[in-house]
Structure formats: C-alpha cells, structure tokens
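Have a look at the structure below, then the notes.
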Amino acid sequence: MDLILKKKFAGIDYGQKRLGIAVCDALHITVTPLAVLDPSEERFWVKFLRLVLEERIEGFVVGIPYRDDDKNDDFISEIKQFIIDLKSKCNLPVYEIDEYLSTRSAVNTMISIGYSKKKRAEKGNKDKIAAAILLREYLDTIQENN
C-alpha cells in the first residue's frame with residue numbers, strides 16, 4: 001500500500017451513460033469531484049487521457065457494485081473490461097473498491113450539503129460525487145492500514 005502514498009489518484013464511478021471522475025491531491029487530504037464523461041462517446045479515450053495528463057494522475061480507484069445476486073454480472077463484466085482497457089491505455093495502477101450504493105450516498109451527500117433539487121437532478125452531479133465518495137473511502141482505508 002505504500003506504493004500509493006503521495007500520489008495523485010482519480011476515483012471513477014463507471015456507468016453505462018456517464019463516467020464520474022474525482023481526484024485527490026498528492027497528500028490525500030482533499031478529494032474533488034472533477035468531471036463527467038460519456039464512455040460510449042467516440043472520443044471518450046482521447047478526452048479521458050487528456051484529463052489524466054492535465055491532472056497528473058498516477059493511479060485509479062474504480063468502483064464495482066458487488067452484490068449478493070447475479071443480476072449485476074453483465075454490468076460488472078463491463079466494468080472489468082473498462083479496467084482492462086484503462087490499464088492498457090494508461091499503464092498506471094488500478095485499484096478496485098466495492099461501490100454498492102455509492103450513487104445513493106452521493107444523493108444523500110448532496111442533500112446534506114444543501115444542493116437544491118434542481119442541482120441534484122443535473123446530469124453528472126451524482127456521478128462526480130459518487131466518484132469522490134468511493135475515492136475518499138479507499139484513501140481512508142489506506143490511511144487506517146498504515
């Protein structure tokens with residue numbers, strides 16, 4: 001786990017329509033919701049890789065919604081394929097975290113910090129916040145174990 005200390009990471013909340021991205025600072029003090037991209041868009045990887053370079057990302061935390069049922073197997077397979085593609089295109093470490101219910105947590109977080117109903121309904125806000133939540137959870141786990 002020492003390999004990720006003092007490195008800037010991006011948290012990714014993968015969705016079929018939107019990919020939420022959040023970043024942390026190198027000291028892992030702050031996590032900031034950053035962007036939303038459409039993974040089905042033709043220029044997705046161009047935009048994504050530009051963002052990685054601009055933000056000087058050194059690794060990724062990708063949420064996977066593990067559940068007790070088999071209904072999610074196709075979606076999990078899609079995320080796993082995204083992780084394979086991500087590793088091959090970026091050649092950076094990728095860590096997985098269980099993100100089951102992260103979108104619900106994102107909505108609750110937006111309510112607690114005072115986002116209006118209109119602001120909560122804006123496309124992408126939930127995805128960026130969910131990415132920030134899963135990245136923060138991962139970083140907290142790492143700090144607890146060191």
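In the structure tokens, chains take letters A, B, ... by order of appearance, with residues numbered from 1 within each chain and ligands from 1 in the order shown.
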
Problem set entry | Near-region 49-53 of chain A list (12 Å; only C-alpha atoms; drop same-chain fewer than 6 positions) as a ChimeraX atom specification | /A:8-12,21-23,34-37,43,59-60,85-92

Mind dumping the selected residues with N, CA and C atoms as a PDB file, in the first residue's frame?
```pdb
ATOM      1  N   LYS A   8      -1.127  11.225  -6.743  1.00  0.00           N
ATOM      2  CA  LYS A   8      -2.430  11.781  -7.086  1.00  0.00           C
ATOM      3  C   LYS A   8      -3.259  10.717  -7.804  1.00  0.00           C
ATOM      4  N   PHE A   9      -4.425  10.430  -7.250  1.00  0.00           N
ATOM      5  CA  PHE A   9      -5.296   9.399  -7.797  1.00  0.00           C
ATOM      6  C   PHE A   9      -6.608   9.983  -8.295  1.00  0.00           C
ATOM      7  N   ALA A  10      -7.223   9.233  -9.199  1.00  0.00           N
ATOM      8  CA  ALA A  10      -8.566   9.564  -9.672  1.00  0.00           C
ATOM      9  C   ALA A  10      -9.505   8.453  -9.246  1.00  0.00           C
ATOM     10  N   GLY A  11     -10.659   8.826  -8.732  1.00  0.00           N
ATOM     11  CA  GLY A  11     -11.715   7.878  -8.438  1.00  0.00           C
ATOM     12  C   GLY A  11     -12.672   7.857  -9.616  1.00  0.00           C
ATOM     13  N   ILE A  12     -13.119   6.665  -9.984  1.00  0.00           N
ATOM     14  CA  ILE A  12     -14.001   6.530 -11.138  1.00  0.00           C
ATOM     15  C   ILE A  12     -15.268   5.788 -10.750  1.00  0.00           C
ATOM     16  N   ILE A  21     -15.780  11.253 -12.426  1.00  0.00           N
ATOM     17  CA  ILE A  21     -14.363  11.269 -12.085  1.00  0.00           C
ATOM     18  C   ILE A  21     -14.131  12.281 -10.971  1.00  0.00           C
ATOM     19  N   ALA A  22     -13.360  11.859  -9.972  1.00  0.00           N
ATOM     20  CA  ALA A  22     -12.938  12.738  -8.892  1.00  0.00           C
ATOM     21  C   ALA A  22     -11.431  12.562  -8.723  1.00  0.00           C
ATOM     22  N   VAL A  23     -10.774  13.561  -8.182  1.00  0.00           N
ATOM     23  CA  VAL A  23      -9.327  13.471  -7.967  1.00  0.00           C
ATOM     24  C   VAL A  23      -8.988  13.859  -6.530  1.00  0.00           C
ATOM     25  N   LEU A  34     -14.552  16.064 -10.226  1.00  0.00           N
ATOM     26  CA  LEU A  34     -13.870  16.749 -11.315  1.00  0.00           C
ATOM     27  C   LEU A  34     -14.657  16.825 -12.616  1.00  0.00           C
ATOM     28  N   ALA A  35     -15.099  15.689 -13.121  1.00  0.00           N
ATOM     29  CA  ALA A  35     -15.666  15.685 -14.468  1.00  0.00           C
ATOM     30  C   ALA A  35     -16.609  14.509 -14.649  1.00  0.00           C
ATOM     31  N   VAL A  36     -17.379  14.609 -15.728  1.00  0.00           N
ATOM     32  CA  VAL A  36     -18.239  13.515 -16.162  1.00  0.00           C
ATOM     33  C   VAL A  36     -18.007  13.339 -17.652  1.00  0.00           C
ATOM     34  N   LEU A  37     -17.750  12.104 -18.063  1.00  0.00           N
ATOM     35  CA  LEU A  37     -17.556  11.790 -19.477  1.00  0.00           C
ATOM     36  C   LEU A  37     -18.525  10.697 -19.884  1.00  0.00           C
ATOM     37  N   ARG A  43     -14.927   9.845 -28.942  1.00  0.00           N
ATOM     38  CA  ARG A  43     -13.642  10.412 -28.496  1.00  0.00           C
ATOM     39  C   ARG A  43     -13.433  10.278 -26.979  1.00  0.00           C
ATOM     40  N   GLY A  59      -2.661   7.002 -10.679  1.00  0.00           N
ATOM     41  CA  GLY A  59      -3.346   5.744 -10.424  1.00  0.00           C
ATOM     42  C   GLY A  59      -4.840   5.980 -10.320  1.00  0.00           C
ATOM     43  N   PHE A  60      -5.582   4.885 -10.301  1.00  0.00           N
ATOM     44  CA  PHE A  60      -7.040   4.957 -10.318  1.00  0.00           C
ATOM     45  C   PHE A  60      -7.659   4.064  -9.259  1.00  0.00           C
ATOM     46  N   ASP A  85      -9.058  -2.110 -20.270  1.00  0.00           N
ATOM     47  CA  ASP A  85      -8.751  -1.055 -21.238  1.00  0.00           C
ATOM     48  C   ASP A  85      -7.975   0.085 -20.579  1.00  0.00           C
ATOM     49  N   LEU A  86      -8.390   0.467 -19.385  1.00  0.00           N
ATOM     50  CA  LEU A  86      -7.741   1.545 -18.643  1.00  0.00           C
ATOM     51  C   LEU A  86      -6.277   1.203 -18.374  1.00  0.00           C
ATOM     52  N   LYS A  87      -6.030   0.005 -17.905  1.00  0.00           N
ATOM     53  CA  LYS A  87      -4.653  -0.418 -17.628  1.00  0.00           C
ATOM     54  C   LYS A  87      -3.799  -0.407 -18.890  1.00  0.00           C
ATOM     55  N   SER A  88      -4.356  -0.880 -19.992  1.00  0.00           N
ATOM     56  CA  SER A  88      -3.565  -0.946 -21.226  1.00  0.00           C
ATOM     57  C   SER A  88      -3.312   0.440 -21.819  1.00  0.00           C
ATOM     58  N   LYS A  89      -4.236   1.356 -21.672  1.00  0.00           N
ATOM     59  CA  LYS A  89      -4.075   2.691 -22.251  1.00  0.00           C
ATOM     60  C   LYS A  89      -3.248   3.630 -21.369  1.00  0.00           C
ATOM     61  N   CYS A  90      -3.283   3.433 -20.061  1.00  0.00           N
ATOM     62  CA  CYS A  90      -2.619   4.356 -19.147  1.00  0.00           C
ATOM     63  C   CYS A  90      -1.351   3.785 -18.509  1.00  0.00           C
ATOM     64  N   ASN A  91      -1.276   2.477 -18.425  1.00  0.00           N
ATOM     65  CA  ASN A  91      -0.134   1.827 -17.766  1.00  0.00           C
ATOM     66  C   ASN A  91       0.095   2.376 -16.354  1.00  0.00           C
ATOM     67  N   LEU A  92      -1.001   2.551 -15.626  1.00  0.00           N
ATOM     68  CA  LEU A  92      -0.966   3.025 -14.248  1.00  0.00           C
ATOM     69  C   LEU A  92      -1.723   2.028 -13.378  1.00  0.00           C
TER      70      LEU A  92
END
```

Problem set entry | Nearby residues (only C-alpha atoms) at most 10 Å from region 71-80 of chain A, same-chain spacing under 3 positions excluded, as a list in words |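 These residues fall inside the cut-off: Asp13, Tyr14, Gly15, Gln16, Val62, Gly63, Ile64, Pro65, Tyr66, Arg67, Asp68, Ile83, Ile84, Asp85, Leu86 and Glu96 of chain A.
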
Exercise. Could you pull the residues within 12 Å of Glu41 (chain A), counting only C-alpha atoms, minus those fewer than 4 positions along the same chain, as a list in words?
Worked result: Gln16, Lys17, Arg18, Leu19, Val36, Leu37, Trp45, Val46, Lys47 and Phe48 of chain A

Exercise. In Å to one decimal, how far is CA of Ile133 (chain A) from CA of Ile29 (chain A)?
Worked result: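 Computed distance, CA of Ile29 (chain A) to CA of Ile133 (chain A), equals 13.3 Å.
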
For this session: Quick one: pull the distance between CA of Ala132 (chain A) and CA of Thr32 (chain A), Å, one decimal.
Result: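 Spanning CA of Ala132 (chain A) to CA of Thr32 (chain A) is a straight-line distance of 6.3 Å.
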
Exercise. What residues in region 6-110 of chain A get the DSSP label strand (DSSP E or B)? Please answer as a PyMOL selection string.
Worked result: chain A and resi 9-14+19-24+31-37+59-64+94-98

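Coordinates place CA of Tyr95 (chain A) at a distance of 21.0 Å from CA of Phe44 (chain A).
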